[in-house]
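Have a look at the structure below before the remarks.
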Amino acid sequence: MADKKLLQVNLVASDHPVWSGTATSVTIPASEGVMGILPDHEPLLSIIKGGTVSVVDPSGERHSFTVADGFISFDSNKLTIAVERGQDVIRTSGTD
Amino acid sequence: MASQLALKSRINSTTSLGKIFNAQEMIASSHIAKARNVALNAKPYTDAIFDAVQALAAHTDIDHPIVKSKDDGNPRVAVLALTADRGMAGAYTSSIIRETEGLLSRLEAQGKDPQLYVYGRRGVTYYRYRNRKVAGTWEGDSDHPGVRVAKSISDTLLDAYMKPKDKDGVNELYIVFTEFMNMVVQRVRVLRMLPVQIVWQGKGEDDGSDPEGSGAKVAAEAPVPAASTSADTSADTTAVAQVGKVSPLYSFEPSLEEVLDAILPKYIQARIHECLLTAAASETASRQNAMHTATDNANNLIDSLTRELNASRQAAITQELTEIIGSADALNKQEE
């Protein structure tokens with residue numbers, strides 16, 4: 001799937017940027033349950049309470065981040081995840 | 001004329017003071033790079049919040065207490081003064097205090113009842129020494145304002161703002177802080193932070209091109225007390241670019257009200273954090289400037305003291321010579 005559409009992800013904590021890059025899909029702990037976002041999703045502004053954000057990058061690798069208290073905004077294939085507590089953001093990466 | 005011994009000891013003490021000032025200046029310069037890093041790290045988050053608030057404002061008619069003044073005849077307003085924790089920063093704290101006093105008396109003249117909140121040990125000490133009533137204080141973070149202190153400040157102030165009139169709530173929030181223009185110029189500003197004023201901007205070009213990334217800020221005059229001569233008072237404005245751009249229709253999860261409730265306090269917190277960061281940068285810069293001037297002064301003082309010491313030594317030598325020659329003359333005359 002070489003022509004697969006990608007979305008641009010930017011994950012920022014309130015005191016430092018955490019991760020940015022392209023992804024094929026992103027899973028988000030939205031306030032009313034886990035939400036998956038694929039490219040060309042409709043524009044969205046949603047609150048996230050806390051949990052794990054996982055990002056699948058174009059090579060199929062999955063990055064997981066523990067986040068707390070923030071929001072996401074998605075518009076024209078740009079996803080911004082802004083979370084409150086930078087200290088709580090733990091980055092673990094690995095393939096599965 | 002002072003004795004040579006006294007001059008020498010003054011020169012010695014001035015030299016060591018000069019060394020201290022020089023060291024302080026170098027410390028301040030090294031802190032500036034750090035402060036810049038902290039500000040750069042916090043910027044993406046602030047940008048994200050601004051974008052979200054702009055999107056919210058563009059797509060909905062925001063009806064939320066944070067953006068609408070309550071207009072219930074409550075005279076209480078909150079004033080937050082951002083001062084330094086430590087001295088040796090020239091006029092940094094005293095100009096903030098002067099501006100705060102001016103703002104307080106202007107507000108009182110308008111029949112309002114200002115509640116003072118102070119950030120930074122110097123300001124706290126100033127008001128405590130004068131037995132002034134202070135509603136809340138924060139100390140110990142003015143060098144490196146973190147997210148935690150920004151959150152604590154915004155929580156306290158938003159809490160006061162959201163409270164109803166009969167429970168000591170406040171109607172407006174003003175922040176007195178020092179804006180960092182560049183290394184040499186720092187400007188004291190008064191900002192009306194709450195209620196947030198949303199400005200519908202005619203032109204779309206300004207949007208996003210603001211170098212500070214603080215949303216497109218326009219110089220909209222807000223109903224604030226008459227601006228003083230030393231600092232300008234402006235309202236915190238969030239401009240929304242609209243013209244010539246069809247905005248996508250956002251959907252809000254779980255609901256618009258909940259998104260507003262979650263994002264607007266974060267927006268205030270991000271704004272306050274931004275103020276704290278620019279104040280910290282200004283503090284460092286004005287400390288560096290003050291220490292630079294102090295080093296120069298110490299060197300000038302050493303020069304003039306050295307000159308005085310030389311003159312007095314020369315005078316002593318001349319006097320001794322005169323005495324020797326005079327007595328030699330007298331001896332010669334006796335032998336004749």
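Naming works like this for the structure tokens: A, B, ... for the chains as they're shown, residue 1 at the start of each chain, ligands 1 onward in shown order.
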
All residues 12 Å or closer to Pro43 (chain A), only C-alpha atoms, same chain fewer than 3 positions away omitted, as a JSON list (two decimals) with N, CA, C and O atoms, in the first residue's frame:
[["chain", "number", "residue", "atom", "x", "y", "z"],
["A", 37, "ILE", "N", -8.43, 7.27, 14.61],
["A", 37, "ILE", "CA", -8.47, 8.31, 13.59],
["A", 37, "ILE", "C", -7.64, 7.86, 12.40],
["A", 37, "ILE", "O", -6.46, 7.50, 12.55],
["A", 38, "LEU", "N", -8.26, 7.86, 11.24],
["A", 38, "LEU", "CA", -7.56, 7.52, 10.00],
["A", 38, "LEU", "C", -7.46, 8.79, 9.16],
["A", 38, "LEU", "O", -8.15, 9.77, 9.43],
["A", 39, "PRO", "N", -6.62, 8.80, 8.14],
["A", 39, "PRO", "CA", -6.55, 9.97, 7.27],
["A", 39, "PRO", "C", -7.92, 10.31, 6.70],
["A", 39, "PRO", "O", -8.77, 9.43, 6.53],
["A", 40, "ASP", "N", -8.11, 11.59, 6.42],
["A", 40, "ASP", "CA", -9.37, 12.11, 5.87],
["A", 40, "ASP", "C", -10.56, 11.98, 6.83],
["A", 40, "ASP", "O", -11.70, 11.94, 6.42],
["A", 46, "SER", "N", -11.80, 17.30, 20.18],
["A", 46, "SER", "CA", -12.31, 16.40, 21.20],
["A", 46, "SER", "C", -11.44, 16.46, 22.45],
["A", 46, "SER", "O", -10.24, 16.71, 22.38],
["A", 72, "ILE", "N", -7.59, 16.98, 21.48],
["A", 72, "ILE", "CA", -7.02, 16.78, 20.15],
["A", 72, "ILE", "C", -7.79, 17.66, 19.17],
["A", 72, "ILE", "O", -8.97, 17.94, 19.38],
["A", 73, "SER", "N", -7.10, 18.09, 18.16],
["A", 73, "SER", "CA", -7.84, 18.74, 17.09],
["A", 73, "SER", "C", -7.35, 18.17, 15.78],
["A", 73, "SER", "O", -6.15, 17.92, 15.59],
["A", 74, "PHE", "N", -8.28, 17.92, 14.89],
["A", 74, "PHE", "CA", -7.96, 17.31, 13.61],
["A", 74, "PHE", "C", -8.57, 18.15, 12.52],
["A", 74, "PHE", "O", -9.75, 18.49, 12.55],
["A", 75, "ASP", "N", -7.73, 18.52, 11.56],
["A", 75, "ASP", "CA", -8.22, 19.37, 10.48],
["A", 75, "ASP", "C", -7.30, 19.17, 9.29],
["A", 75, "ASP", "O", -6.08, 19.23, 9.43],
["A", 76, "SER", "N", -7.85, 18.94, 8.14],
["A", 76, "SER", "CA", -7.14, 18.69, 6.89],
["A", 76, "SER", "C", -5.89, 17.80, 7.08],
["A", 76, "SER", "O", -4.77, 18.20, 6.78],
["A", 77, "ASN", "N", -6.15, 16.64, 7.62],
["A", 77, "ASN", "CA", -5.12, 15.62, 7.84],
["A", 77, "ASN", "C", -3.98, 16.04, 8.76],
["A", 77, "ASN", "O", -2.88, 15.49, 8.71],
["A", 78, "LYS", "N", -4.23, 17.04, 9.58],
["A", 78, "LYS", "CA", -3.25, 17.42, 10.60],
["A", 78, "LYS", "C", -3.87, 17.15, 11.96],
["A", 78, "LYS", "O", -4.92, 17.69, 12.28],
["A", 79, "LEU", "N", -3.22, 16.32, 12.73],
["A", 79, "LEU", "CA", -3.74, 15.97, 14.04],
["A", 79, "LEU", "C", -2.83, 16.59, 15.10],
["A", 79, "LEU", "O", -1.63, 16.38, 15.09],
["A", 80, "THR", "N", -3.43, 17.39, 15.96],
["A", 80, "THR", "CA", -2.66, 17.96, 17.07],
["A", 80, "THR", "C", -3.19, 17.37, 18.36],
["A", 80, "THR", "O", -4.38, 17.44, 18.63],
["B", 52, "ALA", "N", -6.93, 25.87, 18.58],
["B", 52, "ALA", "CA", -8.20, 25.26, 18.97],
["B", 52, "ALA", "C", -9.22, 26.34, 19.34],
["B", 52, "ALA", "O", -10.39, 26.28, 18.94],
["B", 55, "ALA", "N", -10.43, 27.95, 16.25],
["B", 55, "ALA", "CA", -11.38, 27.08, 15.56],
["B", 55, "ALA", "C", -12.73, 27.14, 16.25],
["B", 55, "ALA", "O", -13.78, 27.26, 15.60],
["B", 56, "LEU", "N", -12.70, 27.10, 17.58],
["B", 56, "LEU", "CA", -13.95, 27.18, 18.34],
["B", 56, "LEU", "C", -14.66, 28.48, 18.06],
["B", 56, "LEU", "O", -15.87, 28.51, 17.81],
["B", 59, "HIS", "N", -16.25, 28.76, 14.54],
["B", 59, "HIS", "CA", -17.37, 27.90, 14.15],
["B", 59, "HIS", "C", -18.57, 28.02, 15.04],
["B", 59, "HIS", "O", -19.62, 27.52, 14.73],
["B", 247, "SER", "N", -14.14, 27.89, 6.37],
["B", 247, "SER", "CA", -13.64, 27.06, 7.46],
["B", 247, "SER", "C", -14.34, 25.72, 7.44],
["B", 247, "SER", "O", -15.53, 25.64, 7.14],
["B", 248, "PRO", "N", -13.59, 24.66, 7.73],
["B", 248, "PRO", "CA", -14.23, 23.36, 7.77],
["B", 248, "PRO", "C", -15.17, 23.28, 8.97],
["B", 248, "PRO", "O", -15.00, 23.99, 9.96],
["B", 249, "LEU", "N", -16.13, 22.44, 8.85],
["B", 249, "LEU", "CA", -17.09, 22.30, 9.93],
["B", 249, "LEU", "C", -16.56, 21.27, 10.92],
["B", 249, "LEU", "O", -16.39, 20.10, 10.60],
["B", 250, "TYR", "N", -16.29, 21.73, 12.10],
["B", 250, "TYR", "CA", -15.76, 20.81, 13.11],
["B", 250, "TYR", "C", -16.89, 20.06, 13.79],
["B", 250, "TYR", "O", -17.99, 20.59, 13.93],
["B", 251, "SER", "N", -16.58, 18.87, 14.21],
["B", 251, "SER", "CA", -17.51, 18.25, 15.14],
["B", 251, "SER", "C", -16.82, 18.22, 16.50],
["B", 251, "SER", "O", -15.60, 18.12, 16.59],
["B", 252, "PHE", "N", -17.62, 18.34, 17.53],
["B", 252, "PHE", "CA", -17.05, 18.45, 18.87],
["B", 252, "PHE", "C", -17.43, 17.23, 19.69],
["B", 252, "PHE", "O", -18.58, 16.80, 19.69],
["B", 253, "GLU", "N", -16.45, 16.67, 20.32],
["B", 253, "GLU", "CA", -16.68, 15.49, 21.16],
["B", 253, "GLU", "C", -16.29, 15.82, 22.59],
["B", 253, "GLU", "O", -15.22, 16.38, 22.80]]

Assign secondary structure with DSSP using the backbone only, and return the residues of chain A in strand (DSSP E or B) as an MDAnalysis selection string. chainID A and resid 7:13 17:23 25:30 33:37 44:56 62:75 78:83 90:94

Please measure the separation of CA of Leu305 (chain B) and CA of Glu320 (chain B), giving the value in Å to one decimal. 22.4 Å

Per residue of chain B within 10 Å of chain A, what are the shortest atom pair and its distance in Å to one decimal, counting only C-alpha atoms, with rows by chain and residue number, as a Markdown table?
| residue | atom | partner | partner_atom | distance |
| --- | --- | --- | --- | --- |
| B:Asn37 | CA | A:His16 | CA | 9.6 |
| B:Val38 | CA | A:Asp15 | CA | 7.4 |
| B:Ala39 | CA | A:Asp15 | CA | 8.4 |
| B:Leu40 | CA | A:His16 | CA | 8.1 |
| B:Asn41 | CA | A:His16 | CA | 4.3 |
| B:Ala42 | CA | A:Asp15 | CA | 4.4 |
| B:Lys43 | CA | A:His16 | CA | 7.9 |
| B:Pro44 | CA | A:Val12 | CA | 6.4 |
| B:Tyr45 | CA | A:Ser14 | CA | 5.2 |
| B:Thr46 | CA | A:Ser14 | CA | 7.4 |
| B:Asp47 | CA | A:Ala82 | CA | 9.6 |
| B:Ala48 | CA | A:Ala82 | CA | 6.6 |
| B:Ile49 | CA | A:Ala82 | CA | 7.6 |
| B:Asp51 | CA | A:Ser73 | CA | 8.7 |
| B:Ala52 | CA | A:Ser73 | CA | 6.8 |
| B:Ala55 | CA | A:Leu45 | CA | 8.8 |
| B:Leu56 | CA | A:Leu45 | CA | 8.6 |
| B:Gly146 | CA | A:Asp15 | CA | 7.6 |
| B:Val147 | CA | A:Asp15 | CA | 6.5 |
| B:Arg148 | CA | A:Arg85 | CA | 9.0 |
| B:Lys151 | CA | A:Glu84 | CA | 9.6 |
| B:Ser247 | CA | A:Asp75 | CA | 9.9 |
| B:Pro248 | CA | A:Pro43 | CA | 6.7 |
| B:Leu249 | CA | A:Pro43 | CA | 6.4 |
| B:Tyr250 | CA | A:Pro43 | CA | 4.6 |
| B:Ser251 | CA | A:Leu44 | CA | 4.8 |
| B:Phe252 | CA | A:Leu45 | CA | 5.0 |
| B:Glu253 | CA | A:Ser46 | CA | 4.5 |
| B:Pro254 | CA | A:Ser46 | CA | 6.7 |
| B:Ser255 | CA | A:Ser46 | CA | 8.4 |
| B:Leu256 | CA | A:Leu45 | CA | 9.0 |
| B:Glu258 | CA | A:Ile47 | CA | 8.1 |
| B:Val259 | CA | A:Ile47 | CA | 6.2 |
| B:Leu260 | CA | A:Ile47 | CA | 9.6 |
| B:Asp261 | CA | A:Ile47 | CA | 10.0 |
| B:Ala262 | CA | A:Ile47 | CA | 7.2 |
| B:Ile263 | CA | A:Phe71 | CA | 7.7 |
| B:Lys266 | CA | A:Glu84 | CA | 8.4 |
| B:Gln269 | CA | A:Ser14 | CA | 9.9 |
| B:Ala270 | CA | A:Ser14 | CA | 8.1 |
| B:His273 | CA | A:Ser14 | CA | 9.6 |

Spatial neighbours of Pro164 (chain B), 12 Å, only C-alpha atoms, chain gap at least 3 places, as a VMD selection string: chain B and resid 65 70 to 76 158 to 161 167 to 171

Residues just named, written with N, CA, C and O atoms as a short mmCIF file (atom, residue, chain, number, x, y, z; two decimals), in the first residue's frame:
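As a result, out28.cif now contains:
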data_model
loop_
_atom_site.label_atom_id
_atom_site.label_comp_id
_atom_site.auth_asym_id
_atom_site.auth_seq_id
_atom_site.Cartn_x
_atom_site.Cartn_y
_atom_site.Cartn_z
N PRO B 65 -18.92 31.96 30.24
CA PRO B 65 -18.58 33.07 31.15
C PRO B 65 -17.18 33.63 30.93
O PRO B 65 -16.94 34.81 31.17
N LYS B 70 -19.67 39.32 33.05
CA LYS B 70 -20.89 38.91 33.75
C LYS B 70 -21.84 40.07 33.96
O LYS B 70 -23.04 39.90 34.00
N ASP B 71 -21.25 41.25 34.10
CA ASP B 71 -22.06 42.46 34.15
C ASP B 71 -23.14 42.41 35.23
O ASP B 71 -24.29 42.77 35.01
N ASP B 72 -22.73 41.93 36.41
CA ASP B 72 -23.72 41.87 37.48
C ASP B 72 -23.46 42.93 38.54
O ASP B 72 -23.89 42.82 39.68
N GLY B 73 -22.73 43.95 38.16
CA GLY B 73 -22.48 45.04 39.09
C GLY B 73 -21.51 44.70 40.20
O GLY B 73 -21.44 45.37 41.21
N ASN B 74 -20.74 43.63 39.99
CA ASN B 74 -19.76 43.25 41.00
C ASN B 74 -18.53 44.16 40.87
O ASN B 74 -17.92 44.20 39.81
N PRO B 75 -18.20 44.90 41.91
CA PRO B 75 -17.08 45.83 41.77
C PRO B 75 -15.72 45.15 41.89
O PRO B 75 -14.70 45.77 41.61
N ARG B 76 -15.68 43.90 42.34
CA ARG B 76 -14.39 43.28 42.60
C ARG B 76 -13.67 42.90 41.32
O ARG B 76 -14.25 42.29 40.42
N LEU B 158 -9.08 31.63 38.10
CA LEU B 158 -10.33 31.24 37.44
C LEU B 158 -11.39 30.88 38.47
O LEU B 158 -12.57 31.17 38.28
N ASP B 159 -10.93 30.27 39.56
CA ASP B 159 -11.84 29.94 40.63
C ASP B 159 -12.50 31.22 41.16
O ASP B 159 -13.72 31.29 41.33
N ALA B 160 -11.67 32.25 41.39
CA ALA B 160 -12.19 33.52 41.89
C ALA B 160 -13.12 34.14 40.85
O ALA B 160 -14.14 34.74 41.19
N TYR B 161 -12.77 33.96 39.57
CA TYR B 161 -13.56 34.57 38.51
C TYR B 161 -14.92 33.89 38.37
O TYR B 161 -15.93 34.54 38.09
N LYS B 167 -20.08 35.56 46.72
CA LYS B 167 -19.08 34.69 47.35
C LYS B 167 -17.67 35.17 47.03
O LYS B 167 -16.78 34.38 46.75
N ASP B 168 -17.49 36.47 47.04
CA ASP B 168 -16.18 37.07 46.80
C ASP B 168 -15.63 36.76 45.42
O ASP B 168 -14.42 36.65 45.24
N GLY B 169 -16.48 36.60 44.46
CA GLY B 169 -15.99 36.40 43.10
C GLY B 169 -15.48 37.71 42.52
O GLY B 169 -15.76 38.79 43.03
N VAL B 170 -14.70 37.60 41.46
CA VAL B 170 -14.22 38.81 40.80
C VAL B 170 -14.79 38.87 39.39
O VAL B 170 -15.19 37.87 38.82
N ASN B 171 -14.80 40.07 38.85
CA ASN B 171 -15.42 40.28 37.56
C ASN B 171 -14.43 40.37 36.42
O ASN B 171 -14.76 40.11 35.27
#

Which residues in region 51-162 of chain B does DSSP call alpha helix (DSSP H)? List them as a PyMOL selection string. chain B and resi 51-59+92-109+121-129+147-162

Selection: 9 Å around Thr52 (chain A), only C-alpha atoms, excl. self and same-chain fewer than 2 positions, as a list in words: Thr27, Ile28, Pro29, Gly50, Ser54, Ser64, Phe65, Thr66, Val67 and Ala68 of chain A

Long-range neighbours of Arg36 (chain B) as a compact mmCIF listing (two decimals) with C-alpha atoms, in the first residue's frame, 12 Å cut-off, only C-alpha atoms, 6 positions minimum in chain:
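And here's out_32.txt as it stands now:
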# COMPACT_ATOMS: atom_id res chain seq x y z
CA SER B 29 23.62 35.69 30.40
CA SER B 30 23.77 31.94 30.77
CA ALA B 42 6.23 25.57 25.64
CA LYS B 43 5.38 27.20 22.33
CA ASP B 143 13.42 32.31 37.41
CA HIS B 144 11.98 29.22 35.83
CA PHE B 180 10.43 41.00 26.77
CA ASN B 182 14.79 42.37 23.31
CA MET B 183 17.87 42.20 25.49
CA GLU B 274 3.24 32.84 28.41
CA LEU B 277 7.81 33.12 30.64
CA THR B 278 8.15 36.54 29.08
CA ALA B 279 8.40 38.04 32.58
CA ALA B 280 11.15 35.57 33.48
CA ALA B 281 13.06 36.44 30.32
CA SER B 282 12.69 40.14 31.10
CA THR B 284 16.98 37.82 33.47
CA ALA B 285 17.67 40.47 30.86

Nearest residue to Lys19 (chain B) from the set B:His292, B:Arg313, B:Arg307, B:Arg128 (distances using only C-alpha atoms): B:His292

Can you pull out every residue within 12 Å of Ser9 (chain B), counting only C-alpha atoms, but drop anything in the same chain fewer than 4 positions away, and send it as a PyMOL selection string? chain B and resi 2-5+13-16+302+305-306+309

Go ahead and write the selection's residues with C-alpha atoms as a PDB file, in the first residue's frame.
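Output saved as part-v4.pdb:
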ATOM      1  CA  ALA B   2      41.575  60.276  52.869  1.00  0.00           C
ATOM      2  CA  SER B   3      44.550  58.351  54.070  1.00  0.00           C
ATOM      3  CA  GLN B   4      46.315  56.053  51.634  1.00  0.00           C
ATOM      4  CA  LEU B   5      45.420  53.064  53.766  1.00  0.00           C
ATOM      5  CA  SER B  13      36.572  46.103  48.394  1.00  0.00           C
ATOM      6  CA  THR B  14      35.374  47.720  45.167  1.00  0.00           C
ATOM      7  CA  THR B  15      37.471  45.253  43.183  1.00  0.00           C
ATOM      8  CA  SER B  16      35.858  42.293  44.884  1.00  0.00           C
ATOM      9  CA  ILE B 302      38.316  51.843  41.038  1.00  0.00           C
ATOM     10  CA  LEU B 305      40.042  55.868  43.639  1.00  0.00           C
ATOM     11  CA  THR B 306      43.362  54.768  42.167  1.00  0.00           C
ATOM     12  CA  LEU B 309      45.504  57.249  45.847  1.00  0.00           C
TER      13      LEU B 309
END
